[in-house]
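Asker: Structure file input_22.txt (compact mmCIF, C-alpha atoms and all ligand atoms) right here:
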```txt
# COMPACT_ATOMS: atom_id res chain seq x y z
CA MET A 7 0.00 0.00 0.00
CA ALA A 8 2.73 2.42 1.01
CA GLY A 9 4.56 1.40 -2.17
CA MET A 10 1.50 2.28 -4.28
CA VAL A 11 1.18 5.66 -2.62
CA VAL A 12 4.84 6.38 -3.33
CA THR A 13 4.41 5.21 -6.96
CA PHE A 14 1.38 7.48 -7.49
CA PHE A 15 3.21 10.35 -5.86
CA VAL A 16 6.22 9.90 -8.14
CA ILE A 17 4.03 9.60 -11.27
CA GLY A 18 2.14 12.74 -10.20
CA LEU A 19 5.34 14.64 -9.60
CA VAL A 20 6.89 13.60 -12.92
CA SER A 21 3.79 14.58 -14.90
CA ALA A 22 3.47 17.84 -13.00
CA LEU A 23 7.04 18.70 -13.91
CA LEU A 24 7.44 17.22 -17.35
CA ILE A 25 4.07 17.48 -19.04
CA PRO A 26 3.90 21.28 -19.08
CA ARG A 27 7.33 21.19 -20.69
CA LEU A 28 6.21 18.76 -23.39
CA VAL A 29 3.14 20.82 -24.13
CA ALA A 30 5.31 23.94 -24.20
CA SER A 31 7.66 22.47 -26.78
CA GLN A 32 4.84 21.30 -29.05
CA SER A 33 2.78 24.46 -29.03
CA GLU A 34 5.46 26.70 -30.42
CA ARG A 35 3.97 30.06 -31.16
CA VAL A 36 5.64 31.24 -34.32
CA VAL A 37 4.89 34.69 -35.59
CA THR A 38 6.35 35.89 -38.83
CA TYR A 39 6.41 39.52 -39.71
CA GLU A 40 8.59 41.82 -41.67
CA GLU A 41 8.97 44.90 -39.56
CA THR A 42 9.49 45.57 -35.91
CA GLU A 43 7.68 48.41 -34.23
CA THR A 44 10.07 51.24 -33.66
CA PRO A 45 9.30 54.10 -31.27
CA PRO A 46 9.33 57.39 -33.23
CA ALA A 47 12.11 58.77 -31.01
CA VAL A 48 14.58 56.19 -32.21
CA GLU A 49 13.23 55.63 -35.71
CA GLU A 50 15.06 58.64 -37.02
CA ALA A 51 18.19 57.75 -35.11
CA VAL A 52 18.25 54.35 -36.71
CA THR A 53 17.89 55.69 -40.22
CA THR A 54 20.27 58.61 -39.74
CA GLY A 55 22.65 56.84 -37.39
CA ILE A 56 22.41 59.83 -35.01
CA PRO A 57 21.15 58.86 -31.52
CA PRO A 58 18.20 60.87 -30.11
CA GLU A 59 18.96 63.94 -28.06
CA GLY A 60 20.46 63.29 -24.65
CA VAL A 61 21.95 59.98 -25.71
CA ASP A 62 25.68 59.70 -26.08
CA SER A 63 26.41 57.59 -29.07
CA ALA A 64 28.20 54.34 -28.33
CA GLU A 65 30.60 55.58 -31.00
CA GLY A 66 31.55 58.47 -28.79
CA GLU A 67 32.61 56.12 -26.01
CA VAL A 68 36.27 55.38 -25.87
CA HIS A 69 36.48 52.88 -23.06
CA GLU A 70 36.94 49.48 -24.60
CA THR A 71 38.79 46.45 -23.36
CA LEU A 72 39.68 44.27 -26.28
CA PRO A 73 41.68 41.43 -24.88
CA GLY A 74 40.13 39.15 -27.46
CA THR A 75 43.15 39.36 -29.74
CA GLN A 76 44.86 36.82 -27.47
CA LYS A 77 42.19 34.15 -27.70
CA TYR A 78 42.19 31.37 -25.19
CA ASP A 79 40.09 28.44 -26.21
CA GLY A 80 37.24 28.28 -23.67
CA PRO A 81 35.15 25.78 -25.66
CA GLN A 82 38.13 23.45 -25.86
CA ILE A 83 38.73 23.44 -22.11
CA ALA A 84 34.99 22.86 -21.62
CA GLN A 85 35.13 19.84 -23.92
CA SER A 86 38.11 18.36 -22.10
CA MET A 87 36.33 18.48 -18.74
CA SER A 88 35.22 15.22 -17.10
CA ILE A 89 31.52 15.25 -16.26
CA GLU A 90 30.67 11.55 -16.15
CA THR A 91 29.79 11.74 -12.46
CA LYS A 92 29.89 14.41 -9.80
CA GLU A 93 32.99 12.75 -8.32
CA THR A 94 34.96 12.74 -11.59
CA TRP A 95 33.96 16.35 -12.18
CA LEU A 96 34.96 17.42 -8.68
CA SER A 97 38.34 15.76 -8.98
CA TRP A 98 38.90 17.27 -12.45
CA MET A 99 38.10 20.73 -11.10
CA ARG A 100 40.39 20.25 -8.11
CA ASN A 101 43.30 18.51 -9.83
CA ASP A 102 43.26 19.89 -13.37
CA ARG A 103 41.87 23.36 -12.67
CA HIS A 104 43.23 23.75 -9.15
CA ASP A 105 39.78 25.02 -8.20
CA THR A 106 39.18 24.33 -4.54
CA SER A 107 36.13 26.56 -4.25
CA ALA A 108 33.73 25.62 -1.47
CA PHE A 109 30.92 26.17 -4.01
CA LEU A 110 31.63 23.34 -6.43
CA GLU A 111 28.97 21.06 -4.98
CA ASP A 112 26.38 23.88 -5.14
CA ARG A 113 27.26 24.58 -8.75
CA TRP A 114 26.88 20.91 -9.68
CA LYS A 115 23.52 20.76 -7.94
CA LEU A 116 22.15 23.81 -9.80
CA ALA A 117 23.37 22.43 -13.15
CA GLN A 118 21.63 19.16 -12.38
CA ASP A 119 18.40 20.98 -11.46
CA PHE A 120 18.46 22.86 -14.77
CA VAL A 121 19.08 19.71 -16.80
CA TRP A 122 16.01 18.29 -15.09
CA SER A 123 13.93 21.42 -15.79
CA GLN A 124 15.32 21.51 -19.36
CA GLU A 125 16.64 25.01 -18.91
CA LEU A 126 20.00 23.48 -19.84
CA LYS A 127 19.51 21.24 -22.85
CA ARG A 128 22.80 20.82 -24.68
CA PRO A 129 25.91 19.20 -23.14
CA GLU A 130 27.97 22.22 -24.25
CA ASP A 131 25.78 24.52 -22.17
CA VAL A 132 25.99 22.25 -19.13
CA ARG A 133 29.78 22.29 -19.43
CA ALA A 134 29.91 26.09 -19.73
CA PHE A 135 27.56 26.46 -16.75
CA LEU A 136 29.78 24.14 -14.67
CA LEU A 137 32.85 26.22 -15.44
CA ALA A 138 31.43 29.68 -14.67
CA PRO A 139 32.23 30.65 -11.05
CA ARG A 140 29.01 32.49 -10.06
CA GLU A 141 30.40 32.96 -6.54
CA HIS A 142 32.80 35.63 -7.89
CA PHE A 143 30.10 37.56 -9.76
CA VAL A 144 27.59 37.79 -6.89
CA ARG A 145 28.69 40.89 -5.02
CA ALA A 146 29.96 40.87 -1.43
CA GLN A 147 26.69 42.17 0.08
CA ASN A 148 25.01 38.90 -0.89
CA LYS A 149 27.44 36.42 0.58
CA GLY A 150 25.68 33.16 1.30
CA LEU A 151 23.34 33.49 -1.70
CA GLU A 152 25.89 32.74 -4.41
CA TYR A 153 24.01 29.68 -5.67
CA ALA A 154 20.48 30.59 -4.63
CA ASP A 155 18.18 30.39 -7.65
CA THR A 156 17.30 34.06 -7.60
CA TRP A 157 18.41 37.38 -9.03
CA LEU A 158 20.44 39.62 -6.72
CA PRO A 159 21.35 43.32 -6.70
CA ILE A 160 24.88 44.21 -7.79
CA GLY A 161 24.67 47.95 -7.12
CA TYR A 162 23.85 50.90 -9.42
CA GLY A 163 20.27 49.64 -9.76
CA ALA A 164 21.51 46.60 -11.72
CA THR A 165 21.19 42.91 -10.92
CA ILE A 166 22.76 39.55 -11.64
CA THR A 167 20.07 37.49 -13.34
CA ASP A 168 18.54 34.29 -11.87
CA PRO A 169 20.80 31.37 -12.75
CA ASP A 170 17.87 29.44 -14.29
CA VAL A 171 16.98 32.30 -16.65
CA VAL A 172 20.69 32.62 -17.54
CA ALA A 173 20.71 28.87 -18.30
CA MET A 174 17.55 29.07 -20.42
CA MET A 175 18.71 32.11 -22.42
CA THR A 176 22.10 30.47 -23.00
CA THR A 177 20.61 27.19 -24.19
CA THR A 178 18.25 29.08 -26.52
CA LEU A 179 21.18 30.82 -28.22
CA ASN A 180 22.51 27.44 -29.44
CA ILE A 181 26.08 28.73 -29.53
CA ASN A 182 28.71 26.90 -31.58
CA PRO A 183 32.42 27.44 -31.00
CA GLY A 184 33.50 30.32 -33.24
CA ASP A 185 30.08 32.00 -33.22
CA LYS A 186 30.36 35.75 -32.71
CA VAL A 187 28.13 36.59 -29.75
CA LEU A 188 27.07 40.06 -28.57
CA GLU A 189 25.67 40.62 -25.08
CA ILE A 190 23.84 43.82 -24.15
CA GLY A 191 24.09 44.52 -20.41
CA THR A 192 27.36 43.12 -19.02
CA GLY A 193 26.21 43.78 -15.45
CA SER A 194 28.05 41.43 -13.10
CA GLY A 195 29.87 39.65 -15.94
CA TYR A 196 28.34 36.26 -15.05
CA GLN A 197 26.49 35.67 -18.33
CA ALA A 198 29.60 36.73 -20.29
CA SER A 199 31.69 34.23 -18.31
CA ILE A 200 29.41 31.41 -19.48
CA LEU A 201 29.58 32.65 -23.08
CA ALA A 202 33.40 32.55 -22.88
CA TYR A 203 33.24 28.77 -22.42
CA LEU A 204 31.02 28.39 -25.50
CA THR A 205 32.90 30.51 -28.04
CA THR A 206 36.06 32.56 -28.33
CA GLU A 207 34.17 35.52 -29.86
CA VAL A 208 32.35 37.29 -27.02
CA TYR A 209 31.45 40.99 -27.14
CA THR A 210 29.64 42.69 -24.28
CA ILE A 211 28.43 46.25 -23.67
CA GLU A 212 27.50 47.96 -20.39
CA ILE A 213 26.07 51.47 -20.07
CA ILE A 214 26.78 52.24 -16.38
CA ARG A 215 30.31 53.56 -16.12
CA PRO A 216 31.26 52.48 -12.56
CA LEU A 217 29.66 49.06 -13.07
CA PHE A 218 31.55 48.63 -16.31
CA ALA A 219 34.83 49.48 -14.53
CA GLU A 220 34.09 47.18 -11.59
CA THR A 221 33.30 44.20 -13.80
CA ASP A 222 36.19 44.95 -16.14
CA ASN A 223 38.58 44.75 -13.14
CA LEU A 224 36.90 41.62 -11.86
CA LEU A 225 37.27 39.86 -15.23
CA GLN A 226 40.93 40.87 -15.43
CA ASP A 227 41.45 39.41 -11.98
CA LEU A 228 39.61 36.19 -12.73
CA GLU A 229 41.49 35.79 -16.00
CA LYS A 230 44.48 34.54 -13.98
CA SER A 231 42.56 31.38 -13.08
CA ASN A 232 40.11 31.48 -16.04
CA PRO A 233 42.18 32.52 -19.09
CA ALA A 234 39.05 32.11 -21.24
CA PHE A 235 37.76 35.40 -19.81
CA GLY A 236 40.58 37.05 -21.75
CA SER A 237 38.45 36.48 -24.87
CA ILE A 238 35.65 38.72 -23.58
CA ASN A 239 35.70 42.01 -25.50
CA ARG A 240 34.00 44.65 -23.42
CA LYS A 241 32.87 48.16 -24.03
CA LEU A 242 31.28 51.02 -22.12
CA GLY A 243 28.45 52.42 -24.18
CA ASP A 244 24.82 52.31 -25.19
CA GLY A 245 24.06 48.81 -26.40
CA TYR A 246 20.93 49.95 -28.25
CA TYR A 247 23.20 50.74 -31.18
CA GLY A 248 25.09 47.44 -30.95
CA TRP A 249 28.78 47.25 -31.81
CA GLU A 250 28.87 48.12 -35.49
CA GLU A 251 32.61 47.67 -35.84
CA TYR A 252 32.41 43.94 -35.10
CA ALA A 253 29.02 43.20 -36.68
CA PRO A 254 27.48 41.00 -37.87
CA PHE A 255 26.90 38.75 -34.88
CA ASP A 256 25.69 35.16 -35.10
CA LYS A 257 23.95 35.46 -31.74
CA ILE A 258 22.77 38.42 -29.66
CA ILE A 259 21.62 38.23 -26.04
CA VAL A 260 19.90 41.23 -24.50
CA THR A 261 19.76 41.18 -20.70
CA CYS A 262 17.70 44.34 -20.11
CA ALA A 263 13.98 44.76 -20.78
CA VAL A 264 12.56 46.44 -23.86
CA ASP A 265 9.14 46.46 -25.55
CA HIS A 266 10.42 46.21 -29.13
CA ILE A 267 13.35 44.63 -30.91
CA PRO A 268 16.01 47.33 -31.24
CA PRO A 269 16.37 47.79 -35.02
CA PRO A 270 20.15 48.40 -34.90
CA LEU A 271 20.58 45.06 -33.14
CA LEU A 272 18.37 43.34 -35.68
CA LYS A 273 20.50 44.84 -38.44
CA GLN A 274 23.67 43.58 -36.78
CA LEU A 275 22.30 40.03 -36.44
CA SER A 276 23.55 37.67 -39.18
CA PRO A 277 21.02 36.08 -41.53
CA GLY A 278 20.02 32.85 -39.79
CA GLY A 279 21.16 34.35 -36.48
CA ILE A 280 19.37 34.12 -33.14
CA MET A 281 18.56 36.92 -30.70
CA VAL A 282 17.24 36.25 -27.20
CA LEU A 283 15.72 39.10 -25.22
CA PRO A 284 13.22 39.93 -22.45
CA LEU A 285 10.49 41.49 -24.59
CA GLY A 286 7.57 43.41 -23.12
CA PRO A 287 6.51 46.53 -21.25
CA PRO A 288 8.27 47.60 -18.05
CA GLY A 289 7.41 45.18 -15.26
CA ARG A 290 6.44 42.26 -17.48
CA GLN A 291 8.35 40.55 -20.25
CA TYR A 292 8.55 37.20 -21.96
CA ILE A 293 11.87 35.66 -22.90
CA MET A 294 11.72 35.61 -26.68
CA GLU A 295 13.85 33.79 -29.18
CA VAL A 296 13.97 35.70 -32.46
CA LYS A 297 15.36 34.00 -35.54
CA LYS A 298 16.21 36.23 -38.48
CA GLU A 299 15.68 34.85 -41.95
CA VAL A 300 16.64 36.84 -45.00
CA ALA A 301 14.97 35.87 -48.29
CA LEU A 302 16.65 36.06 -51.69
CA ASP A 303 14.84 39.32 -52.45
CA GLY A 304 16.37 40.79 -49.27
CA SER A 305 13.15 40.79 -47.25
CA ILE A 306 13.51 39.90 -43.59
CA ALA A 307 11.27 37.49 -41.71
CA LEU A 308 11.43 37.00 -37.96
CA ASN A 309 10.39 33.79 -36.29
CA ARG A 310 9.56 34.47 -32.68
CA ARG A 311 9.10 31.94 -29.91
CA ASP A 312 8.29 32.52 -26.26
CA VAL A 313 10.83 30.15 -24.72
CA TYR A 314 9.04 29.85 -21.36
CA ASN A 315 5.66 29.52 -23.05
CA GLY A 316 3.87 32.22 -21.11
CA MET A 317 5.97 32.62 -18.00
CA ARG A 318 6.62 36.25 -17.23
CA VAL A 319 9.89 37.74 -16.11
CA SER A 320 10.85 41.23 -15.03
CA PHE A 321 14.24 42.54 -16.11
CA ILE A 322 15.66 45.99 -15.38
CA PRO A 323 14.97 48.49 -18.19
CA PHE A 324 16.97 48.91 -21.37
CA ARG A 325 17.87 52.57 -20.90
CA ASN A 326 19.68 55.34 -22.67
CA GLU A 327 22.57 57.47 -21.42
CA ALA A 328 20.13 59.92 -19.87
CA GLY A 329 18.63 57.07 -17.85
CA ALA A 330 15.30 56.95 -19.76
CA SER A 331 13.83 53.62 -20.77
CA TYR A 332 13.72 52.75 -24.47
CA SER A 333 10.29 51.22 -23.90
CA THR A 334 7.34 53.47 -24.69
CA SER A 335 4.52 51.28 -23.39
CA ALA A 336 3.01 51.91 -19.99
CA PRO A 337 4.42 49.91 -17.10
CA VAL A 338 2.45 46.84 -16.21
CA GLU A 339 1.64 45.97 -12.62
CA LYS A 340 3.49 42.86 -11.69
CA PRO A 341 0.95 40.04 -11.64
CA PRO A 342 0.69 37.91 -8.52
CA ILE A 343 2.97 34.92 -8.86
CA PRO A 344 0.90 31.75 -9.40
CA ALA A 345 1.48 29.19 -6.67
CA ALA A 346 2.88 26.71 -9.19
CA LEU A 347 5.62 29.12 -10.17
CA ASN A 348 6.41 30.28 -6.69
CA ALA A 349 9.08 27.69 -6.23
CA ARG A 350 10.79 28.78 -9.45
CA GLN A 351 10.36 32.54 -9.07
CA SER A 352 11.31 32.72 -5.47
CA PRO A 353 10.88 36.23 -4.10
CA ALA A 354 14.14 38.07 -3.81
CA PRO A 355 15.86 37.77 -0.45
CA ALA A 356 15.77 40.75 1.90
CA ALA A 357 19.16 41.94 0.71
CA ALA A 358 17.79 42.17 -2.83
CA GLY A 359 15.50 45.10 -2.01
CA SER A 360 11.80 44.88 -2.55
CA ASP A 361 11.16 46.49 -5.90
CA ALA A 362 14.37 45.74 -7.79
CA GLU A 363 14.17 43.64 -10.91
CA GLN A 364 16.43 41.03 -12.38
N1 LIG B 1 23.95 40.03 -17.97
C1 LIG B 1 24.01 40.59 -16.64
C2 LIG B 1 22.64 41.08 -16.20
C3 LIG B 1 22.73 42.50 -15.84
S1 LIG B 1 21.21 43.34 -15.56
C4 LIG B 1 24.62 39.63 -15.66
O1 LIG B 1 24.95 38.49 -16.03
O2 LIG B 1 24.84 40.00 -14.52
C5 LIG B 1 21.07 44.32 -17.03
C6 LIG B 1 22.21 45.25 -17.33
O3 LIG B 1 21.86 45.95 -18.52
C7 LIG B 1 22.50 46.30 -16.27
O4 LIG B 1 23.82 46.22 -15.86
C8 LIG B 1 22.23 47.63 -17.01
O5 LIG B 1 23.07 48.68 -16.61
C9 LIG B 1 22.48 47.21 -18.45
N2 LIG B 1 21.90 48.11 -19.47
C10 LIG B 1 20.69 48.76 -19.46
N3 LIG B 1 20.56 49.50 -20.58
C11 LIG B 1 21.70 49.31 -21.32
C12 LIG B 1 22.16 49.83 -22.56
N4 LIG B 1 21.46 50.71 -23.28
N5 LIG B 1 23.37 49.40 -23.02
C13 LIG B 1 24.13 48.52 -22.30
N6 LIG B 1 23.75 48.03 -21.11
C14 LIG B 1 22.55 48.41 -20.61
```
I'd like the structure from this file rewritten - as structure tokens, please.
Ligand code: SAH
Answerer:
Amino acid sequence: MAGMVVTFFVIGLVSALLIPRLVASQSERVVTYEETETPPAVEEAVTTGIPPEGVDSAEGEVHETLPGTQKYDGPQIAQSMSIETKETWLSWMRNDRHDTSAFLEDRWKLAQDFVWSQELKRPEDVRAFLLAPREHFVRAQNKGLEYADTWLPIGYGATITDPDVVAMMTTTLNINPGDKVLEIGTGSGYQASILAYLTTEVYTIEIIRPLFAETDNLLQDLEKSNPAFGSINRKLGDGYYGWEEYAPFDKIIVTCAVDHIPPPLLKQLSPGGIMVLPLGPPGRQYIMEVKKEVALDGSIALNRRDVYNGMRVSFIPFRNEAGASYSTSAPVEKPPIPAALNARQSPAPAAAGSDAEQ
């Protein structure tokens, strides 16, 4: 009898966890359209190349760190890593990488959780996730929460994104070694550190000057034990205009919220390329995968897919140099979190501040 109860409980749990995922993957919502909606304020800027008033052009920014000329092969180290069992991985990290971090077990556990939830799907992404030392990117004020599945503040009104959303966005990008990847919103540097184990061509832009400097120093420091971070090209500037000099990019990941696809970024995305971004009004976005197809006659079609199939997220705004959001739609009240999602979208810990966003 007790055995039957346990069996039913396990079956119930498995269907509760897996079935929504299966349904989600079958009911792909694909929308094809030719033009993105562009707010009038930036429409002119895009066609003329001159940013709207009050916005310093990314071109005008001089602070760039381009260590990427000395490329260290992150994807190769990721491939050589042993991940057959937790024990072989732990001993590889300790013996081959001389990584004696107290957080290795926590990192393994999170990776395993995300494989289960299918937020990490490809082995390459699991490997990159296992190599990225989140404990160094979570800032000192949040000690103890390094591997909590939640976003955390990193100062300057910015945040380090939930590890599960980072995992999902990374998996969606489907990065191959050698792909040129652009990230908008360097923030803590955590997402960029994962990218550096997937390809040697990482480009990242941050708009907040002191945050840029802090993360730039951190990456230089970590490069001593993680030479792959030397491949991360970083720039202080407004990511709305992308990084023209190094375009086109095979993949683009936007980690700040916006209610339209920034046209300059769409232009800088290669034909066949993938962009992942939190799309929606302030306070409520969906993580969208956007695939760009260019037809022979030059027309552009976008295939969009909501990767969480309806789950809402709330990222901090995609803003200009003057601090104004690029979104023109009215903010949306955050909806109450359904009980079923509570476990996934755990409320931010006290240190995170009540109304910050990821
Ligand atoms: N990817 C980051 C998440 C940072 S939160 C991480 O792994 O930690 C989003 C970041 O986007 C913030 O640091 C914010 O300053 C930055 N941001 C907002 N608007 C931007 C813009 N126009 N250009 C570049 N970065 C921007």
Asker: Produce as a PDB file with C-alpha atoms, in the frame of the given file the set of residues near ligand LIG 1 (chain B), where near means within 7 Å with all atoms listed in the file considered.
Answerer:
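Dumped to part.pdb:
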```
ATOM      1  CA  ALA A 164      21.510  46.600 -11.720  1.00  0.00           C
ATOM      2  CA  THR A 165      21.190  42.910 -10.920  1.00  0.00           C
ATOM      3  CA  ILE A 166      22.760  39.550 -11.640  1.00  0.00           C
ATOM      4  CA  THR A 167      20.070  37.490 -13.340  1.00  0.00           C
ATOM      5  CA  ILE A 190      23.840  43.820 -24.150  1.00  0.00           C
ATOM      6  CA  GLY A 191      24.090  44.520 -20.410  1.00  0.00           C
ATOM      7  CA  THR A 192      27.360  43.120 -19.020  1.00  0.00           C
ATOM      8  CA  GLY A 193      26.210  43.780 -15.450  1.00  0.00           C
ATOM      9  CA  SER A 194      28.050  41.430 -13.100  1.00  0.00           C
ATOM     10  CA  GLY A 195      29.870  39.650 -15.940  1.00  0.00           C
ATOM     11  CA  TYR A 196      28.340  36.260 -15.050  1.00  0.00           C
ATOM     12  CA  GLN A 197      26.490  35.670 -18.330  1.00  0.00           C
ATOM     13  CA  ALA A 198      29.600  36.730 -20.290  1.00  0.00           C
ATOM     14  CA  ILE A 211      28.430  46.250 -23.670  1.00  0.00           C
ATOM     15  CA  GLU A 212      27.500  47.960 -20.390  1.00  0.00           C
ATOM     16  CA  ILE A 213      26.070  51.470 -20.070  1.00  0.00           C
ATOM     17  CA  ILE A 214      26.780  52.240 -16.380  1.00  0.00           C
ATOM     18  CA  GLY A 243      28.450  52.420 -24.180  1.00  0.00           C
ATOM     19  CA  ASP A 244      24.820  52.310 -25.190  1.00  0.00           C
ATOM     20  CA  GLY A 245      24.060  48.810 -26.400  1.00  0.00           C
ATOM     21  CA  TYR A 246      20.930  49.950 -28.250  1.00  0.00           C
ATOM     22  CA  THR A 261      19.760  41.180 -20.700  1.00  0.00           C
ATOM     23  CA  CYS A 262      17.700  44.340 -20.110  1.00  0.00           C
ATOM     24  CA  ILE A 322      15.660  45.990 -15.380  1.00  0.00           C
ATOM     25  CA  PRO A 323      14.970  48.490 -18.190  1.00  0.00           C
ATOM     26  CA  PHE A 324      16.970  48.910 -21.370  1.00  0.00           C
ATOM     27  CA  ARG A 325      17.870  52.570 -20.900  1.00  0.00           C
ATOM     28  CA  ASN A 326      19.680  55.340 -22.670  1.00  0.00           C
ATOM     29  CA  GLN A 364      16.430  41.030 -12.380  1.00  0.00           C
TER      30      GLN A 364
END
```
Asker: Quick one: everything within 12 Å of Ala253 in chain A, counting all atoms listed in the file, minus sequence neighbours fewer than 6 positions away in the same chain. Send it as a PyMOL selection string.
Answerer: chain A and resi 185-188+207-209+247+270-277+279
Asker: Using all atoms listed in the file, can you list as a list in words the residues within 12 Å of (2.2, 51.3, -16.3)?
Answerer: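 Looking at atoms near the point gives Gly286, Pro287, Pro288, Gly289, Arg290, Ser333, Thr334, Ser335, Ala336, Pro337, Val338, Glu339 and Lys340 of chain A.
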Asker: Restricted to C-alpha atoms, what would the selected residues look like written as a compact mmCIF listing (two decimals), keeping the file's coordinate frame?
Answerer:
```
# COMPACT_ATOMS: atom_id res chain seq x y z
CA GLY A 286 7.57 43.41 -23.12
CA PRO A 287 6.51 46.53 -21.25
CA PRO A 288 8.27 47.60 -18.05
CA GLY A 289 7.41 45.18 -15.26
CA ARG A 290 6.44 42.26 -17.48
CA SER A 333 10.29 51.22 -23.90
CA THR A 334 7.34 53.47 -24.69
CA SER A 335 4.52 51.28 -23.39
CA ALA A 336 3.01 51.91 -19.99
CA PRO A 337 4.42 49.91 -17.10
CA VAL A 338 2.45 46.84 -16.21
CA GLU A 339 1.64 45.97 -12.62
CA LYS A 340 3.49 42.86 -11.69
```
Asker: Restricting the calculation to all atoms listed in the file: of A:Phe135, A:Ile293, A:Ala328, A:Leu116, which residue gets closest to Ala154 in chain A?
Answerer: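 Using all atoms listed in the file, the shortest distance to Ala154 in chain A belongs to A:Leu116.
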Asker: Between CA of Trp98 in chain A and CA of Phe120 in chain A, what is the spacing in Å?
Answerer: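 According to the coordinates, CA of Phe120 in chain A and CA of Trp98 in chain A are separated by 21.3 Å.
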Asker: Do a neighbour search on Gln82 in chain A at 9 Å with all atoms listed in the file, toss out local chain neighbours closer than 6 positions, and write the hits as a PyMOL selection string.
Answerer: chain A and resi 183+203-204
Asker: Residues near Val132 in chain A, anyone? I mean within 10 Å using only C-alpha atoms, not counting same-chain ones fewer than 4 positions away, as a list in words.
Answerer: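 After dropping sequence-adjacent residues, the list is Ala84, Ile89, Trp114, Ala117, Gln118, Phe120, Val121, Glu125, Leu126, Lys127, Arg128, Leu136, Leu137, Ala173, Thr176, Thr177 and Ile200 of chain A.
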Asker: Would you work out the distance separating CA of Arg215 in chain A from CA of Glu70 in chain A, expressed in Å to one decimal?
Answerer: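 Pair CA of Arg215 in chain A / CA of Glu70 in chain A returns 11.5 Å.
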Asker: Some atoms are absent from range 188-204 of chain A, so rebuild N, CA and C atoms and return them as a PDB file, in the frame of the given file.
Answerer:
```
ATOM      1  N   LEU A 188      27.127  38.732 -29.190  1.00  0.00           N
ATOM      2  CA  LEU A 188      27.070  40.060 -28.570  1.00  0.00           C
ATOM      3  C   LEU A 188      26.095  40.017 -27.400  1.00  0.00           C
ATOM      4  N   GLU A 189      26.556  40.507 -26.249  1.00  0.00           N
ATOM      5  CA  GLU A 189      25.670  40.620 -25.080  1.00  0.00           C
ATOM      6  C   GLU A 189      25.416  42.098 -24.793  1.00  0.00           C
ATOM      7  N   ILE A 190      24.156  42.448 -24.566  1.00  0.00           N
ATOM      8  CA  ILE A 190      23.840  43.820 -24.150  1.00  0.00           C
ATOM      9  C   ILE A 190      23.500  43.777 -22.664  1.00  0.00           C
ATOM     10  N   GLY A 191      24.284  44.501 -21.865  1.00  0.00           N
ATOM     11  CA  GLY A 191      24.090  44.520 -20.410  1.00  0.00           C
ATOM     12  C   GLY A 191      25.061  43.572 -19.724  1.00  0.00           C
ATOM     13  N   THR A 192      26.336  43.982 -19.636  1.00  0.00           N
ATOM     14  CA  THR A 192      27.360  43.120 -19.020  1.00  0.00           C
ATOM     15  C   THR A 192      27.040  42.868 -17.551  1.00  0.00           C
ATOM     16  N   GLY A 193      26.561  43.913 -16.868  1.00  0.00           N
ATOM     17  CA  GLY A 193      26.210  43.780 -15.450  1.00  0.00           C
ATOM     18  C   GLY A 193      27.343  43.182 -14.648  1.00  0.00           C
ATOM     19  N   SER A 194      27.059  42.074 -13.963  1.00  0.00           N
ATOM     20  CA  SER A 194      28.050  41.430 -13.100  1.00  0.00           C
ATOM     21  C   SER A 194      29.161  40.746 -13.892  1.00  0.00           C
ATOM     22  N   GLY A 195      28.893  40.401 -15.143  1.00  0.00           N
ATOM     23  CA  GLY A 195      29.870  39.650 -15.940  1.00  0.00           C
ATOM     24  C   GLY A 195      29.588  38.147 -15.945  1.00  0.00           C
ATOM     25  N   TYR A 196      28.591  37.706 -15.181  1.00  0.00           N
ATOM     26  CA  TYR A 196      28.340  36.260 -15.050  1.00  0.00           C
ATOM     27  C   TYR A 196      27.917  35.623 -16.387  1.00  0.00           C
ATOM     28  N   GLN A 197      26.942  36.237 -17.058  1.00  0.00           N
ATOM     29  CA  GLN A 197      26.490  35.670 -18.330  1.00  0.00           C
ATOM     30  C   GLN A 197      27.650  35.618 -19.341  1.00  0.00           C
ATOM     31  N   ALA A 198      28.459  36.693 -19.356  1.00  0.00           N
ATOM     32  CA  ALA A 198      29.600  36.730 -20.290  1.00  0.00           C
ATOM     33  C   ALA A 198      30.581  35.613 -19.977  1.00  0.00           C
ATOM     34  N   SER A 199      30.727  35.283 -18.687  1.00  0.00           N
ATOM     35  CA  SER A 199      31.690  34.230 -18.310  1.00  0.00           C
ATOM     36  C   SER A 199      31.235  32.872 -18.832  1.00  0.00           C
ATOM     37  N   ILE A 200      29.925  32.658 -18.904  1.00  0.00           N
ATOM     38  CA  ILE A 200      29.410  31.410 -19.480  1.00  0.00           C
ATOM     39  C   ILE A 200      29.653  31.412 -20.986  1.00  0.00           C
ATOM     40  N   LEU A 201      29.383  32.544 -21.624  1.00  0.00           N
ATOM     41  CA  LEU A 201      29.580  32.650 -23.080  1.00  0.00           C
ATOM     42  C   LEU A 201      31.034  32.330 -23.442  1.00  0.00           C
ATOM     43  N   ALA A 202      31.982  32.743 -22.570  1.00  0.00           N
ATOM     44  CA  ALA A 202      33.400  32.550 -22.880  1.00  0.00           C
ATOM     45  C   ALA A 202      33.798  31.079 -22.908  1.00  0.00           C
ATOM     46  N   TYR A 203      32.960  30.205 -22.341  1.00  0.00           N
ATOM     47  CA  TYR A 203      33.240  28.770 -22.420  1.00  0.00           C
ATOM     48  C   TYR A 203      32.480  28.109 -23.575  1.00  0.00           C
ATOM     49  N   LEU A 204      31.755  28.928 -24.343  1.00  0.00           N
ATOM     50  CA  LEU A 204      31.020  28.390 -25.500  1.00  0.00           C
ATOM     51  C   LEU A 204      31.616  28.840 -26.826  1.00  0.00           C
TER      52      LEU A 204
END
```
